[in-house]
$ cat query01.cif   # mmCIF, C-alpha atoms
data_run
#
loop_
_atom_site.label_atom_id
_atom_site.label_comp_id
_atom_site.auth_asym_id
_atom_site.auth_seq_id
_atom_site.Cartn_x
_atom_site.Cartn_y
_atom_site.Cartn_z
CA MET B 1 -3.68 -24.72 -16.57
CA LEU B 2 -6.72 -25.28 -14.34
CA ASP B 3 -9.73 -23.09 -15.20
CA MET B 4 -10.50 -22.34 -11.57
CA GLN B 5 -12.82 -19.37 -12.08
CA LYS B 6 -15.58 -21.58 -13.47
CA ARG B 7 -16.04 -22.93 -9.96
CA LEU B 8 -15.70 -19.66 -8.00
CA ASN B 9 -14.95 -21.61 -4.84
CA LYS B 10 -12.97 -20.63 -1.76
CA LEU B 11 -9.76 -22.11 -3.18
CA PHE B 12 -10.16 -19.96 -6.29
CA TYR B 13 -10.73 -16.75 -4.31
CA ALA B 14 -7.80 -17.52 -1.99
CA THR B 15 -5.50 -18.21 -4.97
CA LEU B 16 -6.69 -15.06 -6.73
CA SER B 17 -5.81 -13.03 -3.63
CA LEU B 18 -2.19 -14.18 -3.42
CA PRO B 19 -0.55 -11.93 -6.07
CA SER B 20 -1.96 -8.81 -4.43
CA THR B 21 -0.96 -10.23 -1.04
CA ALA B 22 2.61 -10.60 -2.34
CA MET B 23 2.78 -6.93 -3.29
CA GLY B 24 1.25 -5.90 0.03
CA PHE B 25 3.76 -8.07 1.88
CA ALA B 26 6.63 -6.43 0.00
CA LEU B 27 5.30 -3.01 0.99
CA SER B 28 4.94 -4.09 4.63
CA ILE B 29 8.59 -5.20 4.63
CA GLN B 30 9.59 -1.86 3.16
CA ILE B 31 7.60 0.07 5.78
CA SER B 32 8.85 -2.06 8.66
CA ALA B 33 12.50 -2.35 7.69
CA LEU B 34 13.69 0.25 5.17
CA SER B 35 14.02 3.34 7.38
CA TRP B 36 15.35 1.21 10.23
CA ILE B 37 18.04 -0.41 8.04
CA LEU B 38 19.10 2.86 6.46
CA SER B 39 19.41 4.54 9.86
CA THR B 40 20.92 1.79 12.02
CA ARG B 41 23.04 -0.11 9.48
CA PHE B 42 24.06 2.51 6.94
CA ASN B 43 23.90 5.63 9.17
CA LEU B 44 21.83 7.78 6.83
CA GLN B 45 20.31 10.97 8.26
CA ILE B 46 16.56 11.53 8.44
CA HIS B 47 16.41 13.82 5.39
CA GLU B 48 18.53 11.35 3.39
CA ILE B 49 16.11 8.56 4.25
CA GLY B 50 13.31 10.77 2.96
CA ILE B 51 15.18 11.06 -0.34
CA VAL B 52 15.43 7.25 -0.60
CA TRP B 53 11.73 6.89 0.08
CA ALA B 54 10.98 9.41 -2.67
CA ALA B 55 12.04 6.74 -5.17
CA GLY B 56 8.72 4.94 -4.56
CA PRO B 57 6.44 7.79 -5.60
CA VAL B 58 8.59 8.49 -8.65
CA ALA B 59 8.21 4.83 -9.65
CA GLY B 60 4.48 5.01 -8.99
CA ILE B 61 3.97 8.08 -11.15
CA PHE B 62 5.32 6.26 -14.17
CA GLY B 63 4.74 2.64 -13.24
CA GLN B 64 1.09 2.39 -12.28
CA VAL B 65 -0.33 4.84 -14.82
CA ILE B 66 1.68 3.47 -17.75
CA ILE B 67 1.29 -0.18 -16.79
CA GLY B 68 -2.41 0.33 -16.09
CA LEU B 69 -2.87 1.85 -19.54
CA ILE B 70 -0.75 -0.77 -21.32
CA SER B 71 -2.27 -3.75 -19.50
CA ASP B 72 -5.79 -2.73 -20.53
CA ASP B 73 -4.90 -3.53 -24.16
CA ALA B 74 -1.89 -5.88 -23.96
CA TRP B 75 -2.06 -9.64 -24.42
CA PHE B 76 0.99 -11.89 -24.21
CA TRP B 77 2.21 -14.88 -22.17
CA GLY B 78 -1.41 -16.02 -21.92
CA GLY B 79 -2.99 -12.88 -20.47
CA ARG B 80 -3.03 -9.10 -20.15
CA ARG B 81 -2.31 -8.95 -16.39
CA ARG B 82 -0.30 -12.19 -16.03
CA PRO B 83 2.98 -10.99 -17.63
CA PHE B 84 3.21 -7.90 -15.44
CA ILE B 85 2.52 -9.91 -12.27
CA LEU B 86 5.22 -12.47 -13.15
CA ILE B 87 7.85 -9.85 -14.04
CA GLY B 88 7.06 -7.46 -11.20
CA GLY B 89 6.78 -10.20 -8.58
CA THR B 90 10.13 -11.74 -9.47
CA LEU B 91 11.94 -8.39 -9.42
CA ALA B 92 10.22 -7.32 -6.18
CA ALA B 93 11.35 -10.53 -4.43
CA LEU B 94 14.95 -9.94 -5.55
CA MET B 95 14.95 -6.31 -4.38
CA VAL B 96 13.47 -7.26 -0.99
CA PHE B 97 16.34 -9.72 -0.58
CA LEU B 98 18.85 -6.97 -1.40
CA LEU B 99 17.50 -4.38 1.08
CA PRO B 100 20.01 -5.22 3.86
CA ARG B 101 22.75 -5.82 1.30
CA ILE B 102 22.93 -2.34 -0.20
CA ASP B 103 26.65 -2.17 0.50
CA ILE B 104 27.21 -5.39 -1.47
CA VAL B 105 25.17 -3.98 -4.36
CA GLY B 106 27.32 -0.85 -4.23
CA ASP B 107 30.52 -2.89 -4.42
CA PHE B 108 29.09 -4.86 -7.37
CA LEU B 109 28.12 -1.69 -9.21
CA GLY B 110 31.30 0.15 -8.25
CA ILE B 111 29.37 2.92 -6.48
CA LYS B 112 30.76 4.07 -3.12
CA ASN B 113 27.95 6.49 -2.19
CA ILE B 114 25.47 4.47 -0.08
CA LEU B 115 22.71 7.04 -0.62
CA ILE B 116 22.87 6.60 -4.40
CA VAL B 117 22.86 2.80 -4.12
CA ALA B 118 19.95 2.89 -1.65
CA VAL B 119 17.97 5.04 -4.08
CA ILE B 120 18.69 2.57 -6.92
CA VAL B 121 17.54 -0.44 -4.88
CA ALA B 122 14.47 1.36 -3.51
CA LEU B 123 13.56 2.66 -6.97
CA THR B 124 13.84 -0.81 -8.51
CA LEU B 125 11.80 -2.34 -5.68
CA ASP B 126 9.05 0.23 -5.99
CA LEU B 127 9.02 0.05 -9.77
CA SER B 128 8.67 -3.73 -9.52
CA ILE B 129 5.79 -3.39 -7.06
CA ASN B 130 4.14 -0.76 -9.23
CA ILE B 131 4.44 -2.98 -12.31
CA SER B 132 2.42 -5.63 -10.49
CA PHE B 133 0.07 -3.76 -8.17
CA ASN B 134 -2.53 -2.63 -10.69
CA PRO B 135 -2.59 -5.97 -12.55
CA THR B 136 -2.99 -7.90 -9.27
CA ARG B 137 -6.14 -5.90 -8.51
CA SER B 138 -7.44 -5.63 -12.06
CA ILE B 139 -7.19 -9.39 -12.67
CA ILE B 140 -9.86 -9.91 -10.00
CA ALA B 141 -12.31 -7.85 -12.07
CA ASP B 142 -11.18 -9.65 -15.25
CA VAL B 143 -11.88 -13.20 -14.08
CA THR B 144 -14.97 -12.74 -11.86
CA PRO B 145 -18.55 -11.89 -12.90
CA GLU B 146 -19.78 -8.40 -12.02
CA GLY B 147 -21.77 -8.12 -8.80
CA GLU B 148 -21.55 -10.22 -5.64
CA ALA B 149 -18.89 -12.60 -7.01
CA ARG B 150 -16.56 -9.71 -7.84
CA THR B 151 -17.14 -7.98 -4.52
CA LEU B 152 -16.38 -11.29 -2.81
CA GLY B 153 -13.11 -11.48 -4.72
CA TYR B 154 -12.01 -8.07 -3.46
CA THR B 155 -13.16 -8.88 0.07
CA TRP B 156 -11.03 -12.03 0.08
CA MET B 157 -8.12 -9.98 -1.26
CA GLN B 158 -8.46 -7.41 1.52
CA THR B 159 -8.70 -10.05 4.25
CA ILE B 160 -5.82 -12.28 3.12
CA SER B 161 -3.56 -9.39 2.17
CA GLY B 162 -4.30 -7.64 5.46
CA PHE B 163 -3.59 -10.79 7.49
CA PHE B 164 -0.21 -11.33 5.86
CA GLY B 165 0.62 -7.64 6.22
CA VAL B 166 0.12 -7.92 9.98
CA MET B 167 2.23 -11.09 10.02
CA ALA B 168 5.04 -9.18 8.30
CA TYR B 169 5.15 -6.60 11.09
CA LEU B 170 4.95 -9.25 13.80
CA ILE B 171 7.81 -11.25 12.26
CA GLY B 172 9.95 -8.11 12.16
CA ALA B 173 9.08 -7.24 15.76
CA THR B 174 9.59 -10.71 17.26
CA VAL B 175 12.48 -12.30 15.35
CA GLY B 176 13.99 -9.29 13.60
CA ASN B 177 13.94 -7.52 10.27
CA ASP B 178 16.68 -9.71 8.82
CA VAL B 179 14.50 -12.80 9.21
CA LEU B 180 11.51 -10.86 7.90
CA ILE B 181 13.42 -9.95 4.74
CA SER B 182 14.66 -13.50 4.13
CA VAL B 183 11.22 -15.06 4.64
CA GLY B 184 9.51 -12.19 2.85
CA ALA B 185 11.55 -12.51 -0.33
CA GLY B 186 10.39 -16.12 -0.65
CA ILE B 187 6.75 -15.26 0.07
CA VAL B 188 6.73 -12.42 -2.47
CA PHE B 189 8.17 -14.69 -5.18
CA VAL B 190 5.95 -17.71 -4.51
CA PHE B 191 2.72 -15.73 -4.06
CA SER B 192 3.38 -13.77 -7.27
CA VAL B 193 4.48 -16.56 -9.58
CA VAL B 194 2.74 -19.79 -8.53
CA PRO B 195 -0.91 -18.56 -8.71
CA MET B 196 -0.38 -17.43 -12.31
CA PHE B 197 -0.18 -21.09 -13.34
CA PHE B 198 -3.67 -21.74 -11.94
CA ILE B 199 -5.57 -18.56 -12.90
CA LYS B 200 -6.71 -18.40 -16.51
CA GLU B 201 -7.49 -15.12 -18.23
CA GLU B 202 -10.05 -15.61 -21.01
CA ARG B 203 -9.62 -13.09 -23.81
CA GLU B 204 -13.22 -13.25 -25.02
CA MET B 205 -14.56 -12.76 -21.50
CA VAL B 206 -12.37 -9.67 -21.10
CA LYS B 207 -13.59 -8.16 -24.37
CA GLN B 208 -17.25 -8.74 -23.49
CA SER B 209 -16.71 -7.23 -20.03
CA GLU B 210 -15.09 -4.12 -21.50
CA THR B 211 -17.91 -3.54 -23.97
CA ALA B 212 -20.63 -3.97 -21.37
CA ALA B 213 -18.87 -1.81 -18.78
CA ALA B 214 -18.18 1.31 -20.85
CA THR B 215 -19.36 4.39 -18.94
CA LYS B 216 -18.57 8.10 -18.74
CA ALA B 217 -16.05 9.37 -16.19
CA ASP B 218 -17.21 12.12 -13.81
CA TRP B 219 -14.01 14.18 -13.73
CA GLY B 220 -15.44 16.88 -11.47
CA GLN B 221 -16.06 14.40 -8.68
CA LEU B 222 -12.86 12.52 -9.42
CA TRP B 223 -10.74 15.62 -8.81
CA ARG B 224 -12.39 16.11 -5.42
CA ILE B 225 -11.65 12.49 -4.53
CA TYR B 226 -8.05 12.76 -5.71
CA ILE B 227 -7.33 15.87 -3.62
CA ALA B 228 -9.05 14.55 -0.48
CA HIS B 229 -7.27 11.21 -0.78
CA GLY B 230 -3.99 12.99 -1.47
CA PHE B 231 -4.00 14.90 1.81
CA ALA B 232 -4.67 11.63 3.66
CA TRP B 233 -1.68 9.99 2.02
CA LEU B 234 0.60 12.93 2.77
CA GLY B 235 0.03 12.23 6.46
CA VAL B 236 0.10 8.45 6.14
CA GLN B 237 3.35 8.31 4.14
CA SER B 238 5.04 10.75 6.51
CA MET B 239 4.11 8.40 9.36
CA PHE B 240 5.53 5.38 7.52
CA VAL B 241 8.84 7.06 6.71
CA TYR B 242 9.64 9.05 9.86
CA THR B 243 8.01 7.26 12.82
CA TYR B 244 11.33 5.57 13.62
CA GLY B 245 12.82 9.00 14.45
CA PHE B 246 9.97 9.76 16.87
CA ILE B 247 10.43 6.35 18.50
CA GLN B 248 14.19 6.77 18.88
CA GLN B 249 13.79 10.19 20.50
CA GLN B 250 10.66 9.71 22.61
CA LEU B 251 10.41 6.00 23.46
CA VAL B 252 13.91 4.52 23.54
CA PRO B 253 15.54 5.20 26.96
CA ALA B 254 18.50 7.56 26.87
CA GLY B 255 21.83 5.91 27.52
CA LEU B 256 20.83 2.54 26.11
CA ALA B 257 23.61 0.80 24.20
CA THR B 258 23.45 1.37 20.44
CA LYS B 259 22.69 -2.23 19.51
CA ALA B 260 19.98 -2.55 22.16
CA ALA B 261 18.48 0.81 21.16
CA ASN B 262 18.36 -0.23 17.52
CA GLU B 263 16.70 -3.54 18.37
CA MET B 264 14.16 -1.83 20.63
CA SER B 265 13.24 0.79 18.03
CA GLY B 266 12.81 -1.90 15.36
CA GLN B 267 10.60 -3.92 17.68
CA ILE B 268 8.40 -0.95 18.59
CA ILE B 269 7.96 -0.03 14.91
CA GLY B 270 6.91 -3.61 14.10
CA TYR B 271 4.37 -3.87 16.90
CA ALA B 272 2.96 -0.38 16.28
CA PHE B 273 2.27 -0.99 12.61
CA ALA B 274 0.99 -4.51 13.36
CA VAL B 275 -1.65 -3.00 15.67
CA MET B 276 -2.62 -0.39 13.08
CA ASN B 277 -2.89 -2.95 10.28
CA THR B 278 -4.88 -5.43 12.38
CA VAL B 279 -7.53 -2.77 12.85
CA GLY B 280 -7.10 -1.83 9.20
CA PHE B 281 -7.94 -5.23 7.77
CA LEU B 282 -10.65 -6.25 10.28
CA LEU B 283 -12.83 -3.13 10.18
CA PRO B 284 -13.71 -2.82 6.44
CA ALA B 285 -15.92 -5.92 6.26
CA LEU B 286 -17.02 -6.05 9.91
CA VAL B 287 -17.75 -2.37 10.60
CA LEU B 288 -17.29 -0.03 7.65
CA ALA B 289 -19.43 -1.92 5.14
CA PRO B 290 -22.57 -2.02 7.37
CA LEU B 291 -21.92 1.55 8.57
CA ALA B 292 -21.62 2.75 4.95
CA ARG B 293 -24.97 1.18 4.13
CA LYS B 294 -26.55 3.28 6.87
CA ILE B 295 -24.86 6.67 6.50
CA GLY B 296 -23.14 6.41 3.11
CA ARG B 297 -19.58 5.69 2.08
CA VAL B 298 -18.42 9.31 1.91
CA HIS B 299 -19.67 10.14 5.42
CA THR B 300 -18.06 6.95 6.72
CA GLN B 301 -14.79 7.85 5.00
CA ALA B 302 -14.79 11.43 6.33
CA GLY B 303 -15.58 10.27 9.88
CA CYS B 304 -12.84 7.65 9.94
CA ILE B 305 -10.27 10.08 8.54
CA ALA B 306 -11.24 12.62 11.23
CA ILE B 307 -10.70 9.97 13.91
CA MET B 308 -7.28 9.23 12.41
CA ALA B 309 -6.40 12.94 12.67
CA VAL B 310 -7.36 12.92 16.35
CA GLY B 311 -5.20 9.82 16.85
CA TYR B 312 -2.20 11.60 15.35
CA PHE B 313 -2.66 14.66 17.57
CA LEU B 314 -2.90 12.39 20.63
CA ILE B 315 0.32 10.58 19.67
CA ALA B 316 2.11 13.92 19.32
CA ASN B 317 1.10 14.94 22.82
CA MET B 318 0.64 11.72 24.82
CA ALA B 319 2.60 8.77 23.35
CA ARG B 320 5.61 8.58 25.65
CA THR B 321 5.59 4.84 26.29
CA PRO B 322 5.39 1.95 23.82
CA MET B 323 2.03 0.78 25.21
CA MET B 324 0.51 4.24 24.80
CA LEU B 325 1.78 4.35 21.22
CA TYR B 326 0.23 0.94 20.49
CA ALA B 327 -3.12 2.03 21.94
CA LEU B 328 -3.18 5.22 19.87
CA MET B 329 -2.06 3.36 16.74
CA ALA B 330 -5.26 1.34 17.12
CA VAL B 331 -7.15 4.64 16.92
CA VAL B 332 -5.11 5.58 13.84
CA GLY B 333 -6.02 2.17 12.42
CA ILE B 334 -9.68 3.22 12.21
CA GLY B 335 -8.74 5.79 9.60
CA TRP B 336 -6.31 3.40 7.93
CA SER B 337 -9.13 0.86 7.54
CA ALA B 338 -11.06 3.47 5.53
CA VAL B 339 -8.04 4.58 3.49
CA VAL B 340 -7.48 1.00 2.27
CA SER B 341 -11.13 0.16 1.62
CA LEU B 342 -13.56 2.95 0.80
CA PRO B 343 -11.87 5.37 -1.67
CA PHE B 344 -11.68 2.82 -4.48
CA ALA B 345 -15.32 1.87 -4.04
CA ILE B 346 -16.30 5.56 -4.22
CA MET B 347 -13.97 6.28 -7.13
CA SER B 348 -14.88 3.21 -9.20
CA ASP B 349 -18.48 4.38 -9.61
CA LYS B 350 -17.32 7.59 -11.28
CA VAL B 351 -14.94 6.24 -13.96
CA ASP B 352 -15.15 4.63 -17.38
CA LYS B 353 -15.18 1.00 -16.26
CA SER B 354 -13.93 -0.24 -19.62
CA ARG B 355 -10.61 1.49 -18.82
CA MET B 356 -10.31 0.37 -15.18
CA GLY B 357 -6.56 -0.31 -15.40
CA PHE B 358 -5.92 3.24 -16.62
CA PHE B 359 -8.16 4.86 -14.02
CA MET B 360 -6.57 2.79 -11.23
CA GLY B 361 -3.25 4.17 -12.41
CA VAL B 362 -4.53 7.76 -12.44
CA PHE B 363 -6.11 7.27 -9.02
CA ASN B 364 -2.72 6.13 -7.77
CA LEU B 365 -1.35 9.60 -8.53
CA SER B 366 -3.38 10.82 -5.55
CA VAL B 367 -1.21 8.45 -3.51
CA VAL B 368 2.25 8.80 -5.02
CA LEU B 369 2.36 12.58 -5.49
CA PRO B 370 1.65 13.20 -1.78
CA GLN B 371 4.19 10.49 -0.96
CA LEU B 372 6.74 12.44 -2.98
CA MET B 373 5.80 15.61 -1.10
CA SER B 374 6.41 13.82 2.20
CA THR B 375 10.14 14.04 1.40
CA GLY B 376 9.89 17.69 2.41
CA VAL B 377 8.61 16.65 5.84
CA GLY B 378 12.02 15.07 6.44
CA PHE B 379 13.75 18.42 5.99
CA VAL B 380 11.27 19.99 8.45
CA LEU B 381 11.95 17.26 11.01
CA LYS B 382 15.71 17.62 10.53
CA LYS B 383 15.43 21.16 11.96
CA ALA B 384 12.77 20.31 14.58
CA PRO B 385 14.15 19.61 18.08
CA ASP B 386 11.01 17.63 18.98
CA GLN B 387 10.17 14.74 16.63
CA SER B 388 6.56 14.83 17.88
CA THR B 389 6.21 17.51 15.22
CA LEU B 390 5.80 14.62 12.78
CA PHE B 391 2.43 13.60 14.17
CA THR B 392 1.23 17.19 14.38
CA ILE B 393 1.91 17.48 10.63
CA CYS B 394 0.15 14.16 10.03
CA GLY B 395 -2.86 15.28 12.08
CA VAL B 396 -3.25 18.54 10.18
CA SER B 397 -3.00 16.72 6.85
CA LEU B 398 -5.66 14.17 7.83
CA ALA B 399 -7.96 16.88 9.22
CA ILE B 400 -7.82 18.69 5.86
CA SER B 401 -8.56 15.40 4.09
CA ALA B 402 -11.62 14.76 6.28
CA ALA B 403 -12.99 18.22 5.47
CA LEU B 404 -12.41 17.75 1.73
CA TRP B 405 -14.16 14.36 1.68
CA CYS B 406 -17.32 16.16 2.76
CA LEU B 407 -17.34 17.86 -0.68
CA VAL B 408 -17.62 14.51 -2.50
CA LYS B 409 -21.04 13.22 -3.54
CA ASP B 410 -21.90 9.58 -2.97
CA GLU B 411 -24.82 8.77 -5.22
CA ALA B 412 -23.95 5.13 -5.91
CA PRO B 413 -25.33 2.16 -4.02
CA ALA B 414 -23.34 1.18 -0.96
CA THR B 415 -23.28 -2.50 -1.84
CA HIS B 416 -19.64 -2.20 -2.94
CA ALA B 417 -18.54 -0.59 0.32
CA ALA B 418 -16.13 -3.34 1.28
CA MET B 419 -14.18 -3.13 -1.97
CA PRO B 420 -10.56 -2.27 -1.23
CA ALA B 421 -8.51 0.60 -2.46
CA PRO B 422 -5.06 0.73 -3.97
CA ALA B 423 -2.45 0.70 -1.21
CA HIS B 424 0.47 2.29 -3.05
#
$ encode --input "query01.cif" --output "structure tokens"
Amino acid sequence: MLDMQKRLNKLFYATLSLPSTAMGFALSIQISALSWILSTRFNLQIHEIGIVWAAGPVAGIFGQVIIGLISDDAWFWGGRRRPFILIGGTLAALMVFLLPRIDIVGDFLGIKNILIVAVIVALTLDLSINISFNPTRSIIADVTPEGEARTLGYTWMQTISGFFGVMAYLIGATVGNDVLISVGAGIVFVFSVVPMFFIKEEREMVKQSETAAATKADWGQLWRIYIAHGFAWLGVQSMFVYTYGFIQQQLVPAGLATKAANEMSGQIIGYAFAVMNTVGFLLPALVLAPLARKIGRVHTQAGCIAIMAVGYFLIANMARTPMMLYALMAVVGIGWSAVVSLPFAIMSDKVDKSRMGFFMGVFNLSVVLPQLMSTGVGFVLKKAPDQSTLFTICGVSLAISAALWCLVKDEAPATHAAMPAPAH
């Protein structure tokens, strides 16, 4: 095993970013393809698709908190993060491969109800991702010195992961979700497993880091962060799950043949989320970090979230062509760039840093619980004649989040502003 971290070169940072990139790529595939597959291939209704998506938050509630807590103290297979990345990455790659083959899985298991089988596959996929997600982020802190080197590690992670996330949406939009899934399963496996043979976790270094980093958690501020972040994710997850319904109703021409309509809706979803994620991974380092140094991270976060709310309201009322949707998704991307970058930097200054894995897991509850609540949005949309209602709900949720962020204090230095947040 090559002790790469002693050199802290570009190759090391790029390699260190790959496991997190693998998990982000798996999530991008899920966002791009899952609702589309369940609707067009297996004919599930919108509220049933919401039930399938609820498997992810359930997995996150147990997976990230428990794995974060266990991985802080575990040590086997040559590391405390390495085993969870290897196991989770392998399972995630397999479940990605099985997404369009839910009917085959059902035949193998002897289960005829497609909804039940879809929930099983989605639950296993999300549990696999959740097993790995915290360790893929925490390992960066474990193997890099505190300060500029560590911030650089997270910046590389955000850039590489963001780039591949955009590529996932573009692949789905240009050559189809089936190709995306086949290519993606390989990428998830290789990016998860191969880097673990080149990244060495040093047990003594970890122990020294834990002792030096012990601090007191500010639970009063943490609760404010959790609630503000939670309202943002209620809107974001609802967008991820139900946008396909809005596109099918508002953007796909009536009377189009079923196959052509399905292909068009899948393409629009891919391009729309590619635009949003391009803005999302470019802005943190180029715009948000310098802006946060001037006005503070909390003010930057609140402003970006407010812009995202405006973008949602505009989509609800104006997005009636694909190009208009793409333009407004760029506006939404401004808020998305903050959601995936600033909250962790704000939160990490208010926790016991010797238990970072645990606190990352707890922080993830402010993501997965709202995601679980978004299942109820599906039942609202089922009864709504106009699917634009989705983006009105998203806009209200993000507006509440922006207001709540204004109650959070930002007393820490802004030098960590580009550090990314958990994505799921």
$ atom_distance --input "query01.cif" --atom1 "atom CA of B:Lys383" --atom2 "atom CA of B:Ile400"
24.2 Å
$ resolve_selection --input "query01.cif" --expression "the PyMOL selection byres ((chain B and resi 273-275) around 7)" --output "list in words"
Val166, Tyr169, Leu170, Ile269, Gly270, Tyr271, Ala272, Met276, Asn277, Thr278, Val279, Tyr326, Met329 and Ala330 of chain B
$ residues_near_point --input "query01.cif" --point "(-5.1, 6.6, 7.2)" --cutoff "7 Å" --atoms "all atoms listed in the file" --output "list in words"
Ala232, Val236, Ile305, Met308, Val332, Gly333, Gly335, Trp336, Ala338 and Val339 of chain B
$ residues_near_point --input "query01.cif" --point "(-7.4, 19.0, 10.9)" --cutoff "10 Å" --atoms "only C-alpha atoms" --output "PyMOL selection string"
chain B and resi 305-306+308-310+313+392-403
$ closest_residue --input "query01.cif" --among "B:Leu404, B:Leu94, B:Leu372, B:Val298" --to "B:Val58" --atoms "only C-alpha atoms"
B:Leu372
$ resolve_selection --input "query01.cif" --expression "the PyMOL selection byres ((chain B and resi 246) around 12)" --output "mmCIF file with C-alpha atoms, in the frame of the given file"
data_model
loop_
_atom_site.group_PDB
_atom_site.id
_atom_site.type_symbol
_atom_site.label_atom_id
_atom_site.label_comp_id
_atom_site.auth_asym_id
_atom_site.auth_seq_id
_atom_site.Cartn_x
_atom_site.Cartn_y
_atom_site.Cartn_z
ATOM 1 C CA ILE B 46 16.560 11.530 8.440
ATOM 2 C CA SER B 238 5.040 10.750 6.510
ATOM 3 C CA MET B 239 4.110 8.400 9.360
ATOM 4 C CA PHE B 240 5.530 5.380 7.520
ATOM 5 C CA VAL B 241 8.840 7.060 6.710
ATOM 6 C CA TYR B 242 9.640 9.050 9.860
ATOM 7 C CA THR B 243 8.010 7.260 12.820
ATOM 8 C CA TYR B 244 11.330 5.570 13.620
ATOM 9 C CA GLY B 245 12.820 9.000 14.450
ATOM 10 C CA ILE B 247 10.430 6.350 18.500
ATOM 11 C CA GLN B 248 14.190 6.770 18.880
ATOM 12 C CA GLN B 249 13.790 10.190 20.500
ATOM 13 C CA GLN B 250 10.660 9.710 22.610
ATOM 14 C CA LEU B 251 10.410 6.000 23.460
ATOM 15 C CA VAL B 252 13.910 4.520 23.540
ATOM 16 C CA SER B 265 13.240 0.790 18.030
ATOM 17 C CA ILE B 268 8.400 -0.950 18.590
ATOM 18 C CA ILE B 269 7.960 -0.030 14.910
ATOM 19 C CA ILE B 315 0.320 10.580 19.670
ATOM 20 C CA ALA B 316 2.110 13.920 19.320
ATOM 21 C CA ASN B 317 1.100 14.940 22.820
ATOM 22 C CA ALA B 319 2.600 8.770 23.350
ATOM 23 C CA ARG B 320 5.610 8.580 25.650
ATOM 24 C CA THR B 321 5.590 4.840 26.290
ATOM 25 C CA PRO B 322 5.390 1.950 23.820
ATOM 26 C CA LEU B 325 1.780 4.350 21.220
ATOM 27 C CA GLY B 378 12.020 15.070 6.440
ATOM 28 C CA LEU B 381 11.950 17.260 11.010
ATOM 29 C CA LYS B 382 15.710 17.620 10.530
ATOM 30 C CA ALA B 384 12.770 20.310 14.580
ATOM 31 C CA PRO B 385 14.150 19.610 18.080
ATOM 32 C CA ASP B 386 11.010 17.630 18.980
ATOM 33 C CA GLN B 387 10.170 14.740 16.630
ATOM 34 C CA SER B 388 6.560 14.830 17.880
ATOM 35 C CA THR B 389 6.210 17.510 15.220
ATOM 36 C CA LEU B 390 5.800 14.620 12.780
ATOM 37 C CA PHE B 391 2.430 13.600 14.170
ATOM 38 C CA THR B 392 1.230 17.190 14.380
#
$ closest_residue --input "query01.cif" --among "B:Leu11, B:Ile49, B:Ala261, B:Met323" --to "B:Gly376" --atoms "only C-alpha atoms"
B:Ile49
$ resolve_selection --input "query01.cif" --expression "the PyMOL selection byres ((chain B and resi 188-194) around 12)" --output "ChimeraX atom specification"
/B:1,14-29,81-97,125,128-129,131-133,135-136,160-161,164-165,168,180-187,195-199
$ atom_distance --input "query01.cif" --atom1 "atom CA of B:Val331" --atom2 "atom CA of B:Gly311"
5.5 Å
$ atom_distance --input "query01.cif" --atom1 "atom CA of B:Leu286" --atom2 "atom CA of B:Gly162"
13.6 Å
$ closest_residue --input "query01.cif" --among "B:Ser32, B:Asn262, B:Ser374, B:Ser341" --to "B:Val287" --atoms "only C-alpha atoms"
B:Ser341
$ closest_residue --input "query01.cif" --among "B:Trp75, B:Trp156, B:Tyr312, B:Trp53" --to "B:Asn9" --atoms "only C-alpha atoms"
B:Trp156
$ closest_residue --input "query01.cif" --among "B:Val408, B:Lys350, B:Asp107, B:Gly79" --to "B:Lys216" --atoms "all atoms listed in the file"
B:Lys350
